[in-house]
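Asker: Handing over protein.txt, compact mmCIF, N, CA and C atoms.
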# COMPACT_ATOMS: atom_id res chain seq x y z
N MET A 1 16.22 -3.79 -6.10
CA MET A 1 15.16 -2.79 -6.10
C MET A 1 13.87 -3.39 -5.56
N THR A 2 13.14 -2.60 -4.82
CA THR A 2 11.88 -3.04 -4.24
C THR A 2 10.89 -1.89 -4.25
N ILE A 3 9.64 -2.22 -4.47
CA ILE A 3 8.55 -1.25 -4.37
C ILE A 3 7.66 -1.69 -3.22
N LEU A 4 7.31 -0.75 -2.35
CA LEU A 4 6.44 -1.01 -1.21
C LEU A 4 5.07 -0.44 -1.50
N ALA A 5 4.04 -1.27 -1.39
CA ALA A 5 2.65 -0.84 -1.60
C ALA A 5 1.90 -0.93 -0.28
N ALA A 6 1.17 0.13 0.06
CA ALA A 6 0.34 0.13 1.25
C ALA A 6 -1.06 -0.33 0.85
N TYR A 7 -1.55 -1.37 1.53
CA TYR A 7 -2.84 -1.96 1.14
C TYR A 7 -3.83 -1.98 2.29
N GLN A 8 -5.04 -1.52 2.01
CA GLN A 8 -6.21 -1.75 2.84
C GLN A 8 -7.29 -2.27 1.92
N GLU A 9 -8.26 -2.97 2.47
CA GLU A 9 -9.30 -3.55 1.63
C GLU A 9 -10.31 -2.47 1.25
N THR A 10 -9.84 -1.54 0.40
CA THR A 10 -10.65 -0.42 -0.10
C THR A 10 -10.33 -0.25 -1.58
N THR A 11 -11.11 0.57 -2.23
CA THR A 11 -10.85 0.88 -3.64
C THR A 11 -9.46 1.50 -3.79
N GLU A 12 -9.11 2.40 -2.87
CA GLU A 12 -7.81 3.07 -2.93
C GLU A 12 -6.67 2.10 -2.67
N GLY A 13 -6.86 1.19 -1.74
CA GLY A 13 -5.83 0.18 -1.45
C GLY A 13 -5.60 -0.74 -2.63
N ARG A 14 -6.68 -1.15 -3.27
CA ARG A 14 -6.58 -2.00 -4.45
C ARG A 14 -5.85 -1.27 -5.58
N ALA A 15 -6.18 0.01 -5.77
CA ALA A 15 -5.53 0.79 -6.82
C ALA A 15 -4.03 0.94 -6.56
N ALA A 16 -3.65 1.12 -5.29
CA ALA A 16 -2.23 1.25 -4.94
C ALA A 16 -1.48 -0.03 -5.26
N VAL A 17 -2.04 -1.17 -4.92
CA VAL A 17 -1.38 -2.45 -5.19
C VAL A 17 -1.28 -2.70 -6.69
N GLU A 18 -2.37 -2.46 -7.40
CA GLU A 18 -2.33 -2.67 -8.85
C GLU A 18 -1.28 -1.78 -9.51
N ARG A 19 -1.16 -0.52 -9.07
CA ARG A 19 -0.16 0.37 -9.65
C ARG A 19 1.25 -0.04 -9.26
N ALA A 20 1.41 -0.52 -8.02
CA ALA A 20 2.73 -1.03 -7.59
C ALA A 20 3.15 -2.20 -8.48
N PHE A 21 2.21 -3.06 -8.82
CA PHE A 21 2.53 -4.19 -9.71
C PHE A 21 2.96 -3.69 -11.08
N GLU A 22 2.26 -2.68 -11.60
CA GLU A 22 2.63 -2.10 -12.90
C GLU A 22 4.04 -1.51 -12.84
N GLU A 23 4.34 -0.77 -11.78
CA GLU A 23 5.66 -0.17 -11.63
C GLU A 23 6.74 -1.24 -11.50
N ALA A 24 6.43 -2.31 -10.79
CA ALA A 24 7.40 -3.40 -10.63
C ALA A 24 7.71 -4.06 -11.97
N ARG A 25 6.70 -4.21 -12.80
CA ARG A 25 6.93 -4.79 -14.13
C ARG A 25 7.80 -3.85 -14.97
N LEU A 26 7.52 -2.56 -14.92
CA LEU A 26 8.30 -1.58 -15.68
C LEU A 26 9.76 -1.55 -15.24
N ARG A 27 9.98 -1.73 -13.95
CA ARG A 27 11.32 -1.61 -13.38
C ARG A 27 12.01 -2.95 -13.14
N SER A 28 11.33 -4.05 -13.46
CA SER A 28 11.87 -5.40 -13.24
C SER A 28 12.33 -5.58 -11.79
N THR A 29 11.40 -5.36 -10.88
CA THR A 29 11.73 -5.45 -9.46
C THR A 29 10.65 -6.22 -8.71
N ASP A 30 10.86 -6.40 -7.43
CA ASP A 30 9.89 -7.12 -6.60
C ASP A 30 9.01 -6.13 -5.84
N VAL A 31 7.98 -6.67 -5.19
CA VAL A 31 7.00 -5.84 -4.46
C VAL A 31 6.82 -6.39 -3.05
N VAL A 32 6.79 -5.48 -2.09
CA VAL A 32 6.39 -5.82 -0.74
C VAL A 32 5.08 -5.09 -0.49
N VAL A 33 4.08 -5.82 -0.04
CA VAL A 33 2.77 -5.24 0.25
C VAL A 33 2.60 -5.18 1.75
N MET A 34 2.41 -3.97 2.28
CA MET A 34 2.08 -3.80 3.69
C MET A 34 0.57 -3.83 3.79
N ALA A 35 0.03 -4.96 4.25
CA ALA A 35 -1.41 -5.13 4.35
C ALA A 35 -1.87 -4.71 5.73
N ALA A 36 -2.76 -3.74 5.80
CA ALA A 36 -3.20 -3.16 7.07
C ALA A 36 -3.88 -4.18 7.97
N ALA A 37 -4.51 -5.17 7.40
CA ALA A 37 -5.20 -6.18 8.20
C ALA A 37 -5.21 -7.49 7.41
N PRO A 38 -5.36 -8.61 8.10
CA PRO A 38 -5.50 -9.87 7.37
C PRO A 38 -6.70 -9.80 6.44
N PRO A 39 -6.63 -10.44 5.26
CA PRO A 39 -7.74 -10.35 4.31
C PRO A 39 -9.02 -10.95 4.85
N THR A 40 -10.13 -10.31 4.53
CA THR A 40 -11.43 -10.87 4.86
C THR A 40 -11.78 -11.88 3.79
N PRO A 41 -12.29 -13.02 4.19
CA PRO A 41 -12.61 -14.02 3.18
C PRO A 41 -13.62 -13.51 2.18
N GLY A 42 -13.34 -13.73 0.90
CA GLY A 42 -14.28 -13.36 -0.15
C GLY A 42 -14.95 -14.61 -0.65
N ALA A 43 -15.18 -14.65 -1.94
CA ALA A 43 -15.81 -15.82 -2.53
C ALA A 43 -14.89 -17.02 -2.38
N GLY A 44 -15.37 -18.04 -1.70
CA GLY A 44 -14.62 -19.28 -1.58
C GLY A 44 -13.36 -19.18 -0.73
N ASN A 45 -13.31 -18.35 0.30
CA ASN A 45 -12.17 -18.21 1.21
C ASN A 45 -10.95 -17.52 0.60
N VAL A 46 -11.07 -16.87 -0.50
CA VAL A 46 -9.95 -16.13 -1.08
C VAL A 46 -10.21 -14.65 -0.87
N GLY A 47 -9.31 -13.98 -0.16
CA GLY A 47 -9.46 -12.55 0.08
C GLY A 47 -9.10 -11.75 -1.16
N GLU A 48 -9.46 -10.48 -1.14
CA GLU A 48 -9.19 -9.60 -2.27
C GLU A 48 -7.69 -9.51 -2.56
N LEU A 49 -6.87 -9.37 -1.52
CA LEU A 49 -5.43 -9.28 -1.73
C LEU A 49 -4.88 -10.56 -2.34
N ASP A 50 -5.35 -11.69 -1.87
CA ASP A 50 -4.93 -12.97 -2.46
C ASP A 50 -5.26 -13.04 -3.94
N ALA A 51 -6.43 -12.52 -4.29
CA ALA A 51 -6.84 -12.52 -5.70
C ALA A 51 -5.94 -11.59 -6.52
N LEU A 52 -5.61 -10.42 -5.97
CA LEU A 52 -4.71 -9.50 -6.68
C LEU A 52 -3.33 -10.13 -6.90
N ILE A 53 -2.83 -10.76 -5.87
CA ILE A 53 -1.50 -11.41 -5.96
C ILE A 53 -1.55 -12.57 -6.94
N GLY A 54 -2.65 -13.32 -6.92
CA GLY A 54 -2.79 -14.44 -7.85
C GLY A 54 -2.75 -13.99 -9.30
N GLY A 55 -3.20 -12.77 -9.57
CA GLY A 55 -3.19 -12.24 -10.92
C GLY A 55 -1.85 -11.64 -11.32
N ALA A 56 -0.88 -11.70 -10.41
CA ALA A 56 0.44 -11.14 -10.69
C ALA A 56 1.51 -12.21 -10.46
N SER A 57 1.27 -13.38 -10.98
CA SER A 57 2.19 -14.51 -10.76
C SER A 57 3.56 -14.30 -11.40
N ASP A 58 3.68 -13.29 -12.26
CA ASP A 58 4.96 -13.00 -12.89
C ASP A 58 5.88 -12.18 -11.98
N LEU A 59 5.38 -11.75 -10.82
CA LEU A 59 6.16 -10.90 -9.91
C LEU A 59 6.51 -11.65 -8.63
N GLU A 60 7.60 -11.23 -8.02
CA GLU A 60 7.95 -11.72 -6.69
C GLU A 60 7.31 -10.78 -5.69
N ILE A 61 6.37 -11.30 -4.88
CA ILE A 61 5.58 -10.48 -3.97
C ILE A 61 5.66 -11.06 -2.56
N VAL A 62 5.92 -10.19 -1.60
CA VAL A 62 5.92 -10.56 -0.19
C VAL A 62 4.89 -9.70 0.52
N VAL A 63 4.09 -10.31 1.38
CA VAL A 63 3.08 -9.58 2.15
C VAL A 63 3.55 -9.47 3.59
N ARG A 64 3.50 -8.26 4.12
CA ARG A 64 3.84 -8.01 5.52
C ARG A 64 2.64 -7.37 6.20
N HIS A 65 2.51 -7.61 7.50
CA HIS A 65 1.45 -6.99 8.28
C HIS A 65 2.07 -6.09 9.34
N PRO A 66 1.43 -4.99 9.66
CA PRO A 66 2.00 -4.07 10.65
C PRO A 66 2.00 -4.67 12.04
N VAL A 67 2.95 -4.23 12.84
CA VAL A 67 3.01 -4.63 14.23
C VAL A 67 2.07 -3.75 15.05
N ARG A 68 2.02 -2.45 14.69
CA ARG A 68 1.20 -1.47 15.42
C ARG A 68 0.13 -0.92 14.48
N ASN A 69 -1.06 -1.43 14.56
CA ASN A 69 -2.14 -0.97 13.66
C ASN A 69 -2.57 0.47 13.93
N ASP A 70 -2.23 1.02 15.08
CA ASP A 70 -2.65 2.38 15.39
C ASP A 70 -1.70 3.43 14.79
N HIS A 71 -0.59 2.99 14.22
CA HIS A 71 0.38 3.91 13.61
C HIS A 71 0.80 3.40 12.23
N LEU A 72 -0.17 3.22 11.35
CA LEU A 72 0.12 2.63 10.05
C LEU A 72 1.08 3.47 9.22
N ALA A 73 0.96 4.77 9.27
CA ALA A 73 1.86 5.63 8.48
C ALA A 73 3.30 5.41 8.93
N ASP A 74 3.52 5.37 10.24
CA ASP A 74 4.87 5.12 10.76
C ASP A 74 5.38 3.75 10.32
N GLU A 75 4.49 2.77 10.37
CA GLU A 75 4.87 1.41 9.96
C GLU A 75 5.31 1.38 8.50
N ILE A 76 4.57 2.08 7.65
CA ILE A 76 4.89 2.10 6.22
C ILE A 76 6.25 2.78 6.01
N VAL A 77 6.44 3.93 6.62
CA VAL A 77 7.71 4.66 6.46
C VAL A 77 8.86 3.84 7.03
N ASP A 78 8.67 3.25 8.22
CA ASP A 78 9.73 2.44 8.84
C ASP A 78 10.09 1.23 7.99
N LEU A 79 9.08 0.56 7.44
CA LEU A 79 9.35 -0.61 6.60
C LEU A 79 10.07 -0.19 5.33
N GLY A 80 9.67 0.92 4.76
CA GLY A 80 10.35 1.43 3.57
C GLY A 80 11.82 1.69 3.84
N THR A 81 12.11 2.27 5.00
CA THR A 81 13.50 2.54 5.38
C THR A 81 14.25 1.23 5.64
N GLU A 82 13.63 0.34 6.39
CA GLU A 82 14.25 -0.95 6.73
C GLU A 82 14.62 -1.75 5.48
N LEU A 83 13.73 -1.76 4.50
CA LEU A 83 13.96 -2.55 3.29
C LEU A 83 14.72 -1.77 2.22
N ASP A 84 14.97 -0.49 2.47
CA ASP A 84 15.65 0.37 1.51
C ASP A 84 14.94 0.32 0.15
N VAL A 85 13.62 0.56 0.19
CA VAL A 85 12.81 0.49 -1.03
C VAL A 85 13.11 1.67 -1.94
N ASP A 86 12.77 1.50 -3.20
CA ASP A 86 12.97 2.56 -4.18
C ASP A 86 11.77 3.47 -4.30
N MET A 87 10.59 2.97 -3.87
CA MET A 87 9.37 3.75 -4.01
C MET A 87 8.31 3.17 -3.09
N ILE A 88 7.46 4.06 -2.57
CA ILE A 88 6.29 3.65 -1.80
C ILE A 88 5.06 4.07 -2.61
N VAL A 89 4.09 3.17 -2.74
CA VAL A 89 2.86 3.48 -3.47
C VAL A 89 1.70 3.43 -2.46
N ILE A 90 0.94 4.53 -2.41
CA ILE A 90 -0.20 4.61 -1.49
C ILE A 90 -1.44 5.03 -2.25
N GLY A 91 -2.59 4.71 -1.71
CA GLY A 91 -3.86 5.15 -2.29
C GLY A 91 -4.40 6.35 -1.51
N LEU A 92 -5.05 7.25 -2.21
CA LEU A 92 -5.64 8.43 -1.59
C LEU A 92 -7.15 8.43 -1.77
N ARG A 93 -7.83 9.03 -0.81
CA ARG A 93 -9.27 9.25 -0.96
C ARG A 93 -9.58 10.67 -0.56
N ARG A 94 -10.61 11.21 -1.14
CA ARG A 94 -11.02 12.58 -0.83
C ARG A 94 -11.69 12.59 0.55
N ARG A 95 -11.32 13.58 1.36
CA ARG A 95 -11.93 13.74 2.67
C ARG A 95 -12.32 15.20 2.87
N SER A 96 -13.32 15.40 3.67
CA SER A 96 -13.77 16.77 3.95
C SER A 96 -12.76 17.45 4.87
N PRO A 97 -12.78 18.79 4.91
CA PRO A 97 -11.89 19.50 5.83
C PRO A 97 -12.09 19.09 7.29
N VAL A 98 -13.34 18.83 7.68
CA VAL A 98 -13.60 18.40 9.05
C VAL A 98 -13.01 17.01 9.29
N GLY A 99 -13.13 16.13 8.32
CA GLY A 99 -12.55 14.80 8.43
C GLY A 99 -11.05 14.87 8.59
N LYS A 100 -10.42 15.76 7.87
CA LYS A 100 -8.97 15.94 7.99
C LYS A 100 -8.59 16.45 9.37
N LEU A 101 -9.39 17.36 9.90
CA LEU A 101 -9.12 17.95 11.20
C LEU A 101 -9.16 16.90 12.31
N PHE A 102 -10.19 16.05 12.30
CA PHE A 102 -10.37 15.10 13.38
C PHE A 102 -9.61 13.79 13.18
N LEU A 103 -9.44 13.37 11.97
CA LEU A 103 -8.84 12.07 11.72
C LEU A 103 -7.38 12.12 11.31
N GLY A 104 -6.86 13.30 10.94
CA GLY A 104 -5.49 13.35 10.44
C GLY A 104 -5.44 12.65 9.10
N SER A 105 -4.26 12.43 8.61
CA SER A 105 -4.14 11.77 7.32
C SER A 105 -2.89 10.90 7.30
N ALA A 106 -3.10 9.59 7.29
CA ALA A 106 -1.96 8.67 7.21
C ALA A 106 -1.21 8.90 5.91
N ALA A 107 -1.94 9.14 4.82
CA ALA A 107 -1.28 9.38 3.53
C ALA A 107 -0.38 10.61 3.60
N GLN A 108 -0.87 11.66 4.24
CA GLN A 108 -0.07 12.88 4.37
C GLN A 108 1.19 12.61 5.19
N GLU A 109 1.06 11.82 6.27
CA GLU A 109 2.23 11.48 7.07
C GLU A 109 3.26 10.72 6.26
N VAL A 110 2.81 9.78 5.44
CA VAL A 110 3.74 9.03 4.60
C VAL A 110 4.41 9.97 3.61
N LEU A 111 3.62 10.83 2.97
CA LEU A 111 4.17 11.77 2.00
C LEU A 111 5.23 12.68 2.63
N LEU A 112 4.99 13.14 3.84
CA LEU A 112 5.90 14.08 4.49
C LEU A 112 7.10 13.42 5.15
N ASN A 113 6.96 12.17 5.58
CA ASN A 113 8.02 11.53 6.36
C ASN A 113 8.86 10.51 5.61
N ALA A 114 8.41 10.05 4.47
CA ALA A 114 9.17 9.05 3.72
C ALA A 114 10.47 9.65 3.18
N THR A 115 11.50 8.84 3.16
CA THR A 115 12.80 9.28 2.65
C THR A 115 13.03 8.82 1.22
N VAL A 116 12.00 8.23 0.63
CA VAL A 116 12.06 7.77 -0.77
C VAL A 116 10.87 8.36 -1.51
N PRO A 117 10.87 8.32 -2.84
CA PRO A 117 9.71 8.83 -3.58
C PRO A 117 8.43 8.09 -3.20
N VAL A 118 7.33 8.84 -3.14
CA VAL A 118 6.02 8.27 -2.85
C VAL A 118 5.11 8.55 -4.03
N LEU A 119 4.52 7.50 -4.56
CA LEU A 119 3.55 7.62 -5.65
C LEU A 119 2.17 7.50 -5.03
N ALA A 120 1.39 8.58 -5.11
CA ALA A 120 0.05 8.60 -4.53
C ALA A 120 -0.98 8.39 -5.63
N ILE A 121 -1.80 7.38 -5.49
CA ILE A 121 -2.81 7.02 -6.47
C ILE A 121 -4.17 7.43 -5.93
N ARG A 122 -4.89 8.20 -6.70
CA ARG A 122 -6.24 8.61 -6.31
C ARG A 122 -7.22 7.99 -7.29
N THR A 123 -8.24 7.38 -6.75
CA THR A 123 -9.28 6.81 -7.61
C THR A 123 -10.30 7.88 -7.92
N LEU A 124 -11.05 7.69 -8.97
CA LEU A 124 -12.05 8.67 -9.38
C LEU A 124 -13.45 8.30 -8.89
N ASP A 125 -13.52 7.28 -8.04
CA ASP A 125 -14.83 6.86 -7.51
C ASP A 125 -15.39 7.87 -6.56
Show the structure stored in the file as structure tokens.
Answerer:
Amino acid sequence: MTILAAYQETTEGRAAVERAFEEARLRSTDVVVMAAAPPTPGAGNVGELDALIGGASDLEIVVRHPVRNDHLADEIVDLGTELDVDMIVIGLRRRSPVGKLFLGSAAQEVLLNATVPVLAIRTLD
């Protein structure tokens, strides 16, 4: 069993990874994190994702980076299919109707195209 978490260095990305870790502990499984970009150095050269992973030393975690950054939703769905994951965890953020019109929604694409259950986490920020 594997859980795939979609990560960007945002509040929503952090929430998705943290929830994926919780689900992995509940299900006794491993986690693959699709990180949208290499981590930006934080305090002392440790990125946010590295810090999150460091706090989950009880889990087996693998980090993957997309090949095509312009099609992240496709990358997430394709990786989920390739790895035969049991669940995909994504973060959501509120967007205006105009924002949806012009920018589309990677989260919506994942929700509609994934062949496995998708857990969507929305932050209250």
Asker: To one decimal in Å, tell me the separation between atom C of Gly80 of chain A and atom CA of Gly13 of chain A.
Answerer: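 Rounded to one decimal, the two atoms are 18.5 Å apart.
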Asker: Give the answer as one residue: which of A:Arg68, A:Ile61, A:Gly91, A:Ser105 has the shortest atom-to-atom distance to Gln8 of chain A, using only N, CA and C atoms?
Answerer: A:Gly91
Asker: Using all atoms listed in the file, which of A:Ala36, A:Arg27, A:Phe21, A:Thr115 sits nearest Ala56 of chain A?
Answerer: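 Selected residue with least distance to Ala56 of chain A: A:Phe21.
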Asker: Atom CA of Glu12 of chain A to atom C of Arg93 of chain A: how many Å, to one decimal?
Answerer: 8.2 Å
Asker: Assign secondary structure with DSSP using the backbone only, and return the residues of segment 5-40 of chain A in strand (DSSP E) as a list in words.
Answerer: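 Across segment 5-40 of chain A, those assigned strand (DSSP E) are Ala5, Ala6, Tyr7, Asp30, Val31, Val32, Val33, Met34 and Ala35 of chain A.
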Asker: Atom CA of Leu79 of chain A and atom CA of Ser28 of chain A, how far apart in Å?
Answerer: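 Separation of atom CA of Ser28 of chain A and atom CA of Leu79 of chain A: 20.6 Å.
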